[in-house]
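Visitor: Dropping in input38.txt, which is compact mmCIF, C-alpha atoms:
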# COMPACT_ATOMS: atom_id res chain seq x y z
CA MET A 1 57.12 152.48 78.23
CA ALA A 2 56.34 149.04 79.65
CA ALA A 3 57.74 147.53 82.84
CA SER A 4 59.87 145.00 80.93
CA SER A 5 61.69 147.48 78.67
CA THR A 6 65.47 147.21 78.26
CA ILE A 7 68.18 149.45 76.86
CA THR A 8 71.05 148.08 74.74
CA ILE A 9 74.39 149.89 75.01
CA ARG A 10 77.69 149.43 73.18
CA LEU A 11 80.67 149.87 75.53
CA ASP A 12 84.08 151.29 74.63
CA ASP A 13 85.59 147.76 74.53
CA GLY A 14 83.15 146.82 71.75
CA SER A 15 80.87 144.64 73.90
CA ILE A 16 77.11 145.08 73.95
CA VAL A 17 75.15 144.94 77.21
CA ASP A 18 71.47 145.15 78.13
CA ARG A 19 70.06 146.85 81.20
CA PRO A 20 66.45 146.80 82.48
CA ILE A 21 64.93 150.28 82.46
CA ASN A 22 63.56 151.49 85.78
CA GLN A 23 60.85 153.81 84.48
CA THR A 24 57.46 153.08 82.95
CA GLY A 25 55.01 155.21 81.06
CA ILE A 26 56.02 158.36 79.21
CA VAL A 27 59.57 159.35 80.23
CA SER A 28 62.30 161.73 79.06
CA VAL A 29 65.15 160.39 81.25
CA ILE A 30 66.09 156.71 81.43
CA THR A 31 67.88 155.12 84.40
CA TRP A 32 68.97 151.59 85.24
CA THR A 33 70.16 149.90 88.43
CA VAL A 34 73.10 147.65 87.47
CA PRO A 35 76.16 149.85 86.78
CA LEU A 36 78.17 149.58 83.56
CA VAL A 37 81.65 148.04 83.76
CA SER A 38 83.06 150.71 81.42
CA ALA A 39 81.96 153.88 79.67
CA PRO A 40 79.70 153.67 76.57
CA LEU A 41 81.41 153.98 73.20
CA LEU A 42 81.50 157.60 72.07
CA ASN A 43 79.00 158.42 69.29
CA SER A 44 77.65 154.84 69.28
CA MET A 45 73.99 154.02 68.73
CA TRP A 46 71.88 152.78 71.64
CA GLY A 47 68.68 150.77 71.34
CA ILE A 48 65.54 150.31 73.42
CA THR A 49 63.43 147.14 73.38
CA ASP A 50 59.85 147.55 74.57
CA PRO A 51 56.86 145.14 74.25
CA ILE A 52 54.63 147.94 73.08
CA VAL A 53 57.14 149.35 70.60
CA GLU A 54 56.99 147.76 67.18
CA PRO A 55 60.27 147.66 65.21
CA MET A 56 60.24 149.21 61.76
CA LEU A 57 60.71 146.63 59.02
CA ALA A 58 62.26 147.31 55.63
CA ARG A 59 62.97 145.21 52.54
CA VAL A 60 66.43 145.82 51.07
CA VAL A 61 66.23 146.12 47.28
CA GLY A 62 69.75 147.28 46.46
CA ILE A 63 73.27 147.92 47.78
CA GLY A 64 75.73 150.14 45.93
CA GLN A 65 79.39 150.86 46.71
CA GLY A 66 80.66 154.44 46.63
CA ASP A 67 83.69 155.71 44.70
CA GLY A 68 85.94 155.71 47.76
CA GLY A 69 85.33 152.05 48.58
CA THR A 70 84.41 152.82 52.21
CA GLU A 71 80.85 154.08 51.70
CA PHE A 72 77.77 152.10 50.64
CA THR A 73 74.31 153.17 49.59
CA ILE A 74 71.52 150.87 50.78
CA THR A 75 68.12 151.19 49.14
CA ALA A 76 65.15 149.77 51.08
CA LEU A 77 61.38 149.93 51.09
CA LYS A 78 59.18 150.10 54.16
CA HIS A 79 57.69 146.66 54.83
CA ASN A 80 54.35 145.88 56.49
CA PRO A 81 53.77 142.07 56.75
CA SER A 82 49.99 142.55 57.12
CA LYS A 83 49.79 143.46 53.44
CA TYR A 84 49.80 139.76 52.51
CA GLY A 85 46.63 139.12 54.49
CA MET A 86 45.03 142.21 52.96
CA ILE A 87 45.82 140.95 49.44
CA GLU A 88 45.00 137.27 49.91
CA ASN A 89 42.23 137.35 52.50
CA ASN A 90 40.90 140.88 52.12
CA THR A 91 41.75 141.66 55.74
CA LYS A 92 42.40 145.15 57.01
CA LEU A 93 45.92 146.51 56.64
CA GLN A 94 47.27 146.92 60.15
CA SER A 95 48.75 150.26 61.09
CA GLN A 96 52.26 149.96 62.55
CA GLN A 97 53.00 151.71 65.87
CA ILE A 98 56.41 153.01 64.92
CA THR A 99 58.22 156.32 64.79
CA PRO A 100 59.63 156.74 61.29
CA ILE A 101 63.26 157.82 61.04
CA THR A 102 63.31 160.96 59.00
CA LYS A 103 65.66 161.21 56.07
CA LEU A 104 65.82 164.98 56.40
CA VAL A 105 68.94 166.40 58.07
CA ALA A 106 69.00 170.16 58.45
CA ALA A 107 71.76 171.78 56.44
CA PRO A 108 73.92 174.43 58.15
CA THR A 109 72.53 177.96 57.90
CA ASN A 110 73.60 181.52 58.66
CA ILE A 111 77.11 181.12 57.24
CA GLN A 112 79.46 183.80 58.62
CA ILE A 113 83.03 184.45 57.42
CA GLN A 114 85.60 186.71 59.07
CA ASP A 115 89.28 187.33 58.30
CA SER A 116 91.72 188.34 61.01
CA ALA A 117 95.42 188.46 61.81
CA TYR A 118 97.28 186.12 64.11
CA GLU A 119 100.83 186.43 65.38
CA ILE A 120 103.06 183.58 64.23
CA SER A 121 106.05 184.89 66.18
CA PRO A 122 106.93 188.30 67.67
CA GLY A 123 106.45 190.87 64.91
CA VAL A 124 105.43 188.29 62.26
CA PHE A 125 101.74 188.05 61.33
CA GLY A 126 99.63 185.61 59.35
CA ILE A 127 96.02 185.67 58.14
CA LYS A 128 93.26 183.26 59.14
CA THR A 129 89.66 182.86 58.03
CA LEU A 130 86.94 181.90 60.53
CA VAL A 131 83.89 180.14 59.08
CA SER A 132 80.94 179.78 61.45
CA TRP A 133 77.34 178.66 61.02
CA THR A 134 74.14 177.72 62.82
CA GLY A 135 73.24 174.06 63.28
CA SER A 136 72.27 171.41 65.83
CA GLU A 137 73.48 168.16 64.27
CA GLN A 138 76.05 165.83 65.79
CA SER A 139 78.93 166.63 63.40
CA TYR A 140 79.88 168.69 60.37
CA THR A 141 82.26 168.20 57.47
CA ILE A 142 83.81 171.25 55.82
CA GLY A 143 85.89 171.07 52.66
CA TRP A 144 87.95 173.78 50.98
CA ARG A 145 90.31 174.47 48.12
CA SER A 146 92.03 177.52 46.67
CA VAL A 147 90.49 178.93 43.51
CA ASP A 148 93.73 180.66 42.46
CA GLY A 149 95.80 177.49 42.72
CA GLN A 150 97.48 177.87 46.12
CA GLN A 151 95.69 174.73 47.39
CA SER A 152 93.91 173.40 44.29
CA ASN A 153 93.09 169.96 45.76
CA TRP A 154 90.12 169.58 48.05
CA ASN A 155 90.86 169.28 51.76
CA SER A 156 88.27 168.42 54.40
CA VAL A 157 87.84 167.88 58.10
CA SER A 158 85.00 166.61 60.32
CA ILE A 159 84.27 168.57 63.48
CA SER A 160 81.66 168.59 66.22
CA VAL A 161 81.34 172.38 66.65
CA PRO A 162 79.73 174.87 64.23
CA SER A 163 82.90 176.82 63.40
CA PHE A 164 86.27 176.30 61.73
CA ASP A 165 89.52 178.30 61.47
CA LEU A 166 91.57 178.08 58.28
CA TYR A 167 95.11 179.43 58.78
CA ASP A 168 97.69 180.96 56.45
CA VAL A 169 95.21 181.99 53.77
CA LYS A 170 95.26 184.36 50.82
CA GLY A 171 93.25 184.82 47.65
CA GLU A 172 89.91 183.13 46.88
CA TYR A 173 88.60 179.84 48.30
CA GLU A 174 85.73 177.45 47.57
CA PHE A 175 83.98 175.80 50.52
CA LYS A 176 81.56 172.88 50.87
CA LEU A 177 79.81 172.20 54.16
CA PHE A 178 77.31 169.55 55.27
CA ALA A 179 75.91 168.22 58.56
CA THR A 180 75.73 164.60 59.71
CA SER A 181 73.05 163.33 62.11
CA PHE A 182 73.61 160.80 64.88
CA LEU A 183 72.27 158.13 62.52
CA GLY A 184 74.96 158.97 59.97
CA LEU A 185 72.55 160.72 57.61
CA LYS A 186 73.94 163.71 55.72
CA SER A 187 72.38 167.03 54.90
CA GLN A 188 72.55 168.74 51.56
CA ASP A 189 75.87 170.43 50.74
CA VAL A 190 76.15 174.16 51.31
CA SER A 191 78.62 175.64 48.81
CA PHE A 192 80.11 179.12 48.93
CA THR A 193 83.22 181.06 47.98
CA HIS A 194 85.23 183.66 49.86
CA VAL A 195 87.90 186.17 48.91
CA VAL A 196 90.29 186.81 51.79
CA GLY A 197 89.88 190.45 52.77
CA LEU A 198 93.40 190.83 54.13
CA THR A 199 96.46 190.57 51.91
CA THR A 200 100.15 189.91 52.22
CA THR A 201 101.05 192.80 49.93
CA THR A 202 102.52 196.13 51.01
CA PRO A 203 99.68 198.20 52.54
CA ALA A 204 98.78 201.76 51.66
CA ALA A 205 100.26 204.63 53.66
CA VAL A 206 98.60 205.96 56.81
CA VAL A 207 96.63 209.19 56.31
CA ASN A 208 95.09 211.83 58.58
CA LEU A 209 97.57 211.31 61.44
CA ALA A 210 96.68 213.84 64.14
CA LEU A 211 97.06 214.71 67.81
CA VAL A 212 93.86 213.94 69.73
CA GLY A 213 92.33 217.30 70.64
CA GLY A 214 94.61 219.06 68.19
CA SER A 215 97.54 219.54 70.58
CA TRP A 216 99.62 217.85 73.27
CA THR A 217 98.72 219.38 76.63
CA THR A 218 98.60 216.40 79.00
CA PRO A 219 101.27 214.07 80.38
CA THR A 220 100.31 211.44 77.76
CA CYS A 221 100.49 212.22 74.05
CA TYR A 222 97.56 210.70 72.14
CA LEU A 223 97.63 210.01 68.38
CA THR A 224 94.92 208.90 65.99
CA TRP A 225 94.71 208.19 62.24
CA ASP A 226 92.45 206.62 59.64
CA ALA A 227 92.40 202.83 59.59
CA VAL A 228 94.10 201.35 56.53
CA THR A 229 92.16 198.66 54.66
CA GLN A 230 93.90 195.26 54.82
CA ALA A 231 96.39 196.46 57.46
CA LEU A 232 97.07 193.95 60.20
CA GLY A 233 98.60 196.56 62.51
CA TYR A 234 100.71 199.68 62.70
CA ASP A 235 104.31 200.49 63.62
CA VAL A 236 104.65 203.74 65.58
CA GLU A 237 108.16 205.20 65.76
CA THR A 238 108.87 207.85 68.38
CA TRP A 239 111.72 210.26 67.61
CA SER A 240 113.43 213.13 69.43
CA GLY A 241 115.47 215.15 66.98
CA LEU A 242 117.50 212.65 64.94
CA VAL A 243 117.31 209.92 67.58
CA LYS A 244 114.68 207.15 67.35
CA ARG A 245 113.52 206.47 70.90
CA ARG A 246 111.31 203.41 70.31
CA THR A 247 109.08 201.45 67.90
CA ASP A 248 105.76 200.07 69.13
CA ARG A 249 103.39 197.84 67.15
CA VAL A 250 99.68 198.42 67.76
CA SER A 251 96.60 196.74 66.29
CA GLY A 252 94.25 199.74 66.22
CA ALA A 253 94.39 203.15 64.55
CA ASN A 254 95.45 204.99 67.72
CA TYR A 255 98.45 205.27 70.03
CA ALA A 256 99.28 206.66 73.48
CA TYR A 257 102.80 207.70 74.42
CA THR A 258 102.58 207.80 78.21
CA LEU A 259 104.64 209.80 80.71
CA ASP A 260 106.24 206.55 81.95
CA MET A 261 107.32 205.68 78.40
CA ASN A 262 108.68 209.22 78.00
CA ALA A 263 110.63 208.93 81.24
CA GLN A 264 112.09 205.56 80.20
CA ASP A 265 113.29 207.16 76.97
CA THR A 266 114.73 210.28 78.78
CA ILE A 267 111.91 212.74 79.23
CA THR A 268 111.32 215.46 76.69
CA ARG A 269 108.54 217.79 75.60
CA ASP A 270 109.58 217.83 71.92
CA LEU A 271 108.71 214.67 69.92
CA HIS A 272 108.26 213.48 66.35
CA PHE A 273 106.10 210.46 65.46
CA LYS A 274 106.17 208.29 62.32
CA VAL A 275 103.38 205.76 61.68
CA TYR A 276 103.52 202.87 59.16
CA ALA A 277 100.72 200.48 58.20
CA VAL A 278 101.78 196.81 58.57
CA SER A 279 100.45 193.85 56.59
CA GLY A 280 101.46 190.40 55.46
CA ILE A 281 102.98 187.29 56.92
CA ASN A 282 106.38 188.95 57.07
CA GLY A 283 105.15 192.23 58.52
CA LEU A 284 105.44 194.32 55.33
CA ARG A 285 105.20 198.06 56.03
CA SER A 286 103.83 200.89 53.94
CA ALA A 287 106.52 202.48 51.79
CA THR A 288 106.32 205.89 53.47
CA PRO A 289 105.17 206.83 56.97
CA ALA A 290 102.74 209.44 58.11
CA SER A 291 104.53 211.86 60.43
CA ILE A 292 103.64 214.54 62.93
CA VAL A 293 105.50 216.80 65.37
CA ALA A 294 104.25 217.05 68.96
CA PHE A 295 105.37 219.74 71.37
CA ASN A 296 104.09 220.17 74.92
CA ALA A 297 104.62 223.83 75.84
CA GLN A 298 105.81 224.80 79.32
CA MET A 299 103.27 226.14 81.81
CA GLY A 300 102.14 229.74 81.31
CA ALA A 301 102.71 232.56 83.80
CA ILE A 302 101.31 232.10 87.30
CA ALA A 303 97.94 233.76 87.77
CA SER A 304 97.41 236.38 90.49
CA PRO A 305 100.67 236.11 92.46
CA SER A 306 100.84 238.30 95.57
CA LEU A 307 103.28 238.97 98.41
CA SER A 308 102.23 239.42 102.03
CA PRO A 309 104.61 240.47 104.84
CA THR A 310 104.84 238.40 108.00
CA VAL A 311 106.87 238.92 111.18
CA PHE A 312 110.52 238.55 110.06
CA GLY A 313 109.34 236.96 106.77
CA ILE A 314 107.26 237.19 103.63
CA THR A 315 104.57 234.89 102.14
CA VAL A 316 103.81 234.36 98.45
CA THR A 317 100.37 233.17 97.33
CA TYR A 318 98.99 232.45 93.84
CA ASP A 319 96.21 230.69 91.97
CA GLN A 320 97.17 227.05 91.47
CA PRO A 321 97.23 225.94 87.80
CA THR A 322 94.57 223.39 86.78
CA ALA A 323 96.54 221.77 83.94
CA SER A 324 97.00 218.01 84.39
CA ASP A 325 100.73 218.22 83.67
CA TRP A 326 101.46 220.91 86.32
CA ALA A 327 104.22 219.69 88.66
CA GLY A 328 105.04 222.65 90.92
CA VAL A 329 106.41 226.19 91.29
CA MET A 330 109.76 227.81 91.91
CA VAL A 331 110.15 230.96 94.03
CA TRP A 332 113.24 233.16 93.99
CA ALA A 333 113.90 236.09 96.39
CA SER A 334 116.62 238.76 96.60
CA LYS A 335 117.24 242.10 98.22
CA THR A 336 118.34 243.45 94.83
CA SER A 337 115.74 244.72 92.39
CA GLY A 338 116.06 243.36 88.84
CA PHE A 339 117.97 240.28 89.96
CA THR A 340 118.34 237.22 87.72
CA PRO A 341 116.74 234.09 89.28
CA GLY A 342 119.24 231.33 89.85
CA ALA A 343 120.40 228.64 92.25
CA GLY A 344 121.67 231.25 94.74
CA THR A 345 118.31 232.97 95.05
CA LEU A 346 116.01 229.93 94.83
CA LYS A 347 113.95 229.74 98.03
CA PHE A 348 111.37 227.05 97.12
CA ALA A 349 110.64 224.35 94.51
CA GLY A 350 107.60 222.10 94.78
CA MET A 351 103.82 221.97 94.81
CA ALA A 352 102.20 224.35 97.32
CA SER A 353 99.62 227.12 97.13
CA THR A 354 101.40 229.27 99.78
CA VAL A 355 105.16 229.72 100.05
CA SER A 356 106.67 231.28 103.20
CA ILE A 357 110.20 232.65 103.22
CA SER A 358 111.11 232.89 106.90
CA SER A 359 113.49 230.05 107.77
CA VAL A 360 116.07 232.72 108.53
CA PRO A 361 114.61 235.84 110.17
CA LEU A 362 114.49 238.64 107.61
CA ASP A 363 115.41 242.18 108.59
CA PRO A 364 112.30 244.38 108.52
CA ALA A 365 114.48 247.21 107.23
CA ASP A 366 115.23 245.33 103.99
CA VAL A 367 113.02 245.37 100.90
CA TRP A 368 112.73 241.87 99.36
CA TYR A 369 112.06 241.23 95.68
CA VAL A 370 110.35 238.00 94.65
CA ARG A 371 109.65 236.19 91.32
CA ILE A 372 107.63 232.98 90.82
CA GLY A 373 107.15 230.54 87.93
CA ALA A 374 105.33 227.24 87.32
CA TYR A 375 106.83 224.12 85.74
CA ASP A 376 105.31 220.90 84.37
CA VAL A 377 106.10 217.19 84.48
CA PHE A 378 108.55 217.54 81.61
CA GLY A 379 110.93 219.85 83.49
CA ALA A 380 111.66 223.39 84.65
CA ASP A 381 112.96 224.68 81.32
CA SER A 382 111.64 227.78 79.57
CA MET A 383 109.55 228.88 82.53
CA ALA A 384 107.35 231.99 82.28
CA LEU A 385 108.31 234.03 85.37
CA SER A 386 106.18 236.62 87.08
CA SER A 387 107.19 240.24 87.33
CA GLU A 388 108.89 241.28 90.57
CA LEU A 389 106.85 241.39 93.74
CA SER A 390 108.29 243.42 96.60
CA GLY A 391 107.71 243.99 100.29
CA ASN A 392 109.24 244.41 103.75
CA PRO A 393 109.01 241.83 106.53
CA LEU A 394 107.12 242.96 109.62
CA ALA A 395 108.91 243.84 112.88
CA LEU A 396 107.84 242.42 116.22
CA PRO A 397 105.44 244.89 117.89
CA ALA A 398 107.13 247.03 120.57
CA VAL A 399 106.53 246.12 124.22
CA GLY A 400 106.55 248.93 126.80
CA PRO A 401 104.83 250.21 129.95
CA ASN A 402 101.08 249.81 129.92
CA SER A 403 101.19 247.90 126.53
CA ILE A 404 99.78 244.66 127.97
CA VAL A 405 96.49 244.90 129.79
CA SER A 406 94.50 241.84 130.83
CA VAL A 407 92.44 240.96 133.83
CA ASN A 408 93.39 237.30 133.28
CA ILE A 409 97.11 237.77 133.97
CA ALA A 410 97.95 236.89 137.53
CA ALA A 411 99.72 239.43 139.62
CA GLY A 412 103.49 239.23 139.12
CA ALA A 413 103.21 236.99 136.05
CA VAL A 414 104.53 239.73 133.75
CA THR A 415 107.23 242.09 134.98
CA ALA A 416 109.53 244.55 133.30
CA GLU A 417 112.54 242.29 133.96
CA LYS A 418 110.82 239.30 132.33
CA ILE A 419 109.91 241.35 129.24
CA LYS A 420 113.46 242.67 128.89
CA THR A 421 114.80 239.11 129.00
CA LYS A 422 112.34 237.98 126.29
CA GLN A 423 113.20 240.94 124.09
CA HIS A 424 116.89 240.15 124.41
CA MET A 425 116.21 236.55 123.32
CA ILE A 426 114.18 237.68 120.26
CA PHE A 427 116.59 240.32 119.02
Just give me the structure of the file as structure tokens.
Guide:
Amino acid sequence: MAASSTITIRLDDGSIVDRPINQTGIVSVITWTVPLVSAPLLNSMWGITDPIVEPMLARVVGIGQGDGGTEFTITALKHNPSKYGMIENNTKLQSQQITPITKLVAAPTNIQIQDSAYEISPGVFGIKTLVSWTGSEQSYTIGWRSVDGQQSNWNSVSISVPSFDLYDVKGEYEFKLFATSFLGLKSQDVSFTHVVGLTTTTPAAVVNLALVGGSWTTPTCYLTWDAVTQALGYDVETWSGLVKRRTDRVSGANYAYTLDMNAQDTITRDLHFKVYAVSGINGLRSATPASIVAFNAQMGAIASPSLSPTVFGITVTYDQPTASDWAGVMVWASKTSGFTPGAGTLKFAGMASTVSISSVPLDPADVWYVRIGAYDVFGADSMALSSELSGNPLALPAVGPNSIVSVNIAAGAVTAEKIKTKQHMIF
């Protein structure tokens, strides 16, 4: 690029300005010193004038008007003025130092089509088709029409990105797609058809509804089923007996009924699920649901319970359950063998590995009978109780003459009178 090169720019107000170019030689970025008064016109053509750059000349041989009245076809031949001298004076035809403008514009490739659902309003779905492609031209024009008559006339839109969403579709469509270069040259048309994979008809029924893992043993109940072709989603109804607790709409072929959801609906361990496939703009459901009963059984019997006597008390120990829905234990105690556990004999309820019953001193002469059971997060119903454990509290060891011997006790620190006073306070 020579030192006297200039760039010609069309501004957004329609005016054309020239600016001297700062760089010389071979450059990839052009700068100029005098700022522009406004932004360049979007998608306009810029020009560069350079003493060493020869403009391409062409001789126009025909102009034709298109059918729409807004497009024209100009036919021209490349023109080299030195041909006259070659013909008349037998001089050498001079080679022109120009960069030819190619007529080839790359057509879009790698056409991809995907159907999906979109939510028009809560609970109401529609279907859209995404058409995407690979290309690097300045703009693209995509046209479409319905083969089955829904939209029989051609519609088109010009866009600057290589993708397009067509909403509210059904049936089969024809598409035409072409690219346009920055010079306004068009690529060849790419034509294709597409049958929308999702429908607005009633979907088939859900099959193979099952509990994940085969049973419900955790705080959350997990369901799974086979995906239904052309379903936009699924309605999951949760029932308890004859009462419908809730209906949730999910997009995938799985569902989780959490402990929080259970608690909001009044917690229970006995549930019934019904699952419908959903399709169509108006949320059409399959005619019949798939259904399954889920029951989370109460905790089993406590493992290895044992009773140990303590001074004026007893202690119960056991192996803590490892189930994720374990919530605690209940311990009942009575001086009557064969007693029925109830509110009057309940000594402890909660989560602990060791339970001591000694808040009120127990008489060492009494035999105490104890039963223990575990409960889960769903409640303390139907508990599996242990068999009776029994034992006597321990008495305080007797204190008498010569029963305390220690070289570390100072003289006079322990006397018979002091011990008698302590014993009176204990008993």
Visitor: Restricting the calculation to only C-alpha atoms, which member of A:Asn208, A:Gln320, A:Thr129, A:Gln96 is positioned closest to A:Ser116?
Guide: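 Once distances to A:Ser116 are computed over only C-alpha atoms, the minimum belongs to A:Thr129.
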Visitor: Just the residues within 9 Å of A:Phe182, please, counting all atoms listed in the file, with nothing from its chain fewer than 6 positions along; format it as JSON, numbers by chain.
Guide: {"A": [43, 44, 45, 137, 138, 139]}
Visitor: Would you work out the distance separating atom CA of A:Gly135 from atom CA of A:Ser187, expressed in Å to one decimal?
Guide: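 Computing it gives 11.0 Å between the two atoms.
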Visitor: Give me the residues within 6 Å of A:Thr109 as a PDB file with C-alpha atoms, keeping the file's coordinate frame, counting all atoms listed in the file and dropping any in the same chain fewer than 2 places off.
Guide:
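Result file is result.pdb:
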ATOM      1  CA  ILE A 111      77.110 181.120  57.240  1.00  0.00           C
ATOM      2  CA  TRP A 133      77.340 178.660  61.020  1.00  0.00           C
ATOM      3  CA  THR A 134      74.140 177.720  62.820  1.00  0.00           C
TER       4      THR A 134
END
Visitor: Can you tell me, as a PyMOL selection string, which residues sit within 8 Å of (105.8, 236.5, 102.9) in the file's frame, using all atoms listed in the file?
Guide: chain A and resi 307-310+313-316+355-358+393
Visitor: What's around stretch 258-274 of chain A at 12 Å? Count all atoms listed in the file, leave out sequence neighbours fewer than 6 positions away in its own chain, and write the answer as a PyMOL selection string.
Guide: chain A and resi 205-207+209-211+216-225+234-249+286+288-299+324-325+376-382
Visitor: Which of these, A:Leu93, A:Ala106, A:Leu394, A:Ala39, has the shortest distance to A:Gln188 once you count all atoms listed in the file?
Guide: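 Between A:Leu93, A:Ala106, A:Leu394, A:Ala39, the residue approaching A:Gln188 most closely is A:Ala106.
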Visitor: At what distance in Å, to one decimal, does atom CA of A:Gly14 lie from atom CA of A:Ile159?
Guide: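 Atom-to-atom, atom CA of A:Ile159 and atom CA of A:Gly14 are spaced 23.3 Å apart.
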